[in-house]
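What follows is a set of notes on a single structure, which appears directly below.
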Amino acid sequence: MNLIRSKFMKLNIHHVEYVVESLRSTTSKVKNIKKYMLTMLFNAPTTISSYYIAEVNHDMAAGL
């Protein structure tokens, strides 16, 4: 329980923006939005840097 609380306490506005942006770009049908959002928020601190690194690499390869 402390791990869960600790993860959620570390969230900031950037994590929430990342989750909202990811949710906008998903094409999958989400059946349980509450569980989906909680999972995304729980994992956001772990996955945010990888996501933005991949975005930058993609943009650089495309010459943007």
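By order in the structure tokens, chains are A, B, ...; within a chain, residues start at 1; ligands start at 1, following the order shown.
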
Write out as a PyMOL selection string the residues lying within 7 Å of segment 11-21 of chain A, counting only C-alpha atoms and excluding same-chain residues fewer than 2 positions away.
chain A and resi 8-9+23-25+40-41+44-45+48

Give the helix (DSSP H, G or I) residues of chain A, as DSSP finds them on the backbone, and put them as a ChimeraX atom specification.
/A:2-9,13-25,33-62

Prev. selection, C-alpha atoms, output as a PDB file, in the first residue's frame:
ATOM      1  CA  ASN A   2       2.864   2.385   0.751  1.00  0.00           C
ATOM      2  CA  LEU A   3       4.381   1.774  -2.680  1.00  0.00           C
ATOM      3  CA  ILE A   4       1.125   2.751  -4.359  1.00  0.00           C
ATOM      4  CA  ARG A   5       0.710   5.867  -2.234  1.00  0.00           C
ATOM      5  CA  SER A   6       4.334   6.821  -2.821  1.00  0.00           C
ATOM      6  CA  LYS A   7       3.997   6.494  -6.612  1.00  0.00           C
ATOM      7  CA  PHE A   8       0.875   8.671  -6.709  1.00  0.00           C
ATOM      8  CA  MET A   9       2.429  11.290  -4.417  1.00  0.00           C
ATOM      9  CA  ILE A  13       1.517  18.223 -13.826  1.00  0.00           C
ATOM     10  CA  HIS A  14       3.897  16.832 -16.457  1.00  0.00           C
ATOM     11  CA  HIS A  15       2.859  13.285 -15.644  1.00  0.00           C
ATOM     12  CA  VAL A  16      -0.822  14.190 -15.906  1.00  0.00           C
ATOM     13  CA  GLU A  17      -0.248  15.975 -19.239  1.00  0.00           C
ATOM     14  CA  TYR A  18       1.632  12.921 -20.512  1.00  0.00           C
ATOM     15  CA  VAL A  19      -1.243  10.621 -19.512  1.00  0.00           C
ATOM     16  CA  VAL A  20      -3.848  12.874 -21.152  1.00  0.00           C
ATOM     17  CA  GLU A  21      -1.747  13.128 -24.328  1.00  0.00           C
ATOM     18  CA  SER A  22      -1.295   9.353 -24.408  1.00  0.00           C
ATOM     19  CA  LEU A  23      -5.005   8.808 -23.869  1.00  0.00           C
ATOM     20  CA  ARG A  24      -5.822  11.139 -26.768  1.00  0.00           C
ATOM     21  CA  SER A  25      -3.570   9.245 -29.127  1.00  0.00           C
ATOM     22  CA  ILE A  33     -11.625   4.084 -18.092  1.00  0.00           C
ATOM     23  CA  LYS A  34     -11.125   4.410 -14.323  1.00  0.00           C
ATOM     24  CA  LYS A  35      -8.807   1.391 -14.113  1.00  0.00           C
ATOM     25  CA  TYR A  36      -7.065   2.437 -17.315  1.00  0.00           C
ATOM     26  CA  MET A  37      -6.384   5.943 -15.996  1.00  0.00           C
ATOM     27  CA  LEU A  38      -5.194   4.670 -12.602  1.00  0.00           C
ATOM     28  CA  THR A  39      -2.795   2.275 -14.311  1.00  0.00           C
ATOM     29  CA  MET A  40      -1.509   5.003 -16.621  1.00  0.00           C
ATOM     30  CA  LEU A  41      -0.989   7.411 -13.726  1.00  0.00           C
ATOM     31  CA  PHE A  42       0.728   4.720 -11.629  1.00  0.00           C
ATOM     32  CA  ASN A  43       3.148   3.954 -14.479  1.00  0.00           C
ATOM     33  CA  ALA A  44       3.653   7.548 -15.668  1.00  0.00           C
ATOM     34  CA  PRO A  45       6.784   8.321 -13.602  1.00  0.00           C
ATOM     35  CA  THR A  46       8.431   5.191 -14.995  1.00  0.00           C
ATOM     36  CA  THR A  47       7.442   5.581 -18.652  1.00  0.00           C
ATOM     37  CA  ILE A  48       7.395   9.342 -19.302  1.00  0.00           C
ATOM     38  CA  SER A  49      11.078   9.754 -20.168  1.00  0.00           C
ATOM     39  CA  SER A  50      11.094   6.806 -22.578  1.00  0.00           C
ATOM     40  CA  TYR A  51       8.018   8.181 -24.315  1.00  0.00           C
ATOM     41  CA  TYR A  52       9.514  11.620 -24.899  1.00  0.00           C
ATOM     42  CA  ILE A  53      12.887  10.203 -25.969  1.00  0.00           C
ATOM     43  CA  ALA A  54      11.085   8.110 -28.599  1.00  0.00           C
ATOM     44  CA  GLU A  55       9.125  11.196 -29.746  1.00  0.00           C
ATOM     45  CA  VAL A  56      12.292  13.261 -30.131  1.00  0.00           C
ATOM     46  CA  ASN A  57      14.059  10.456 -31.996  1.00  0.00           C
ATOM     47  CA  HIS A  58      11.096  10.136 -34.327  1.00  0.00           C
ATOM     48  CA  ASP A  59      10.976  13.872 -35.007  1.00  0.00           C
ATOM     49  CA  MET A  60      14.729  14.049 -35.618  1.00  0.00           C
ATOM     50  CA  ALA A  61      14.599  11.136 -38.048  1.00  0.00           C
ATOM     51  CA  ALA A  62      11.742  12.844 -39.911  1.00  0.00           C
TER      52      ALA A  62
END
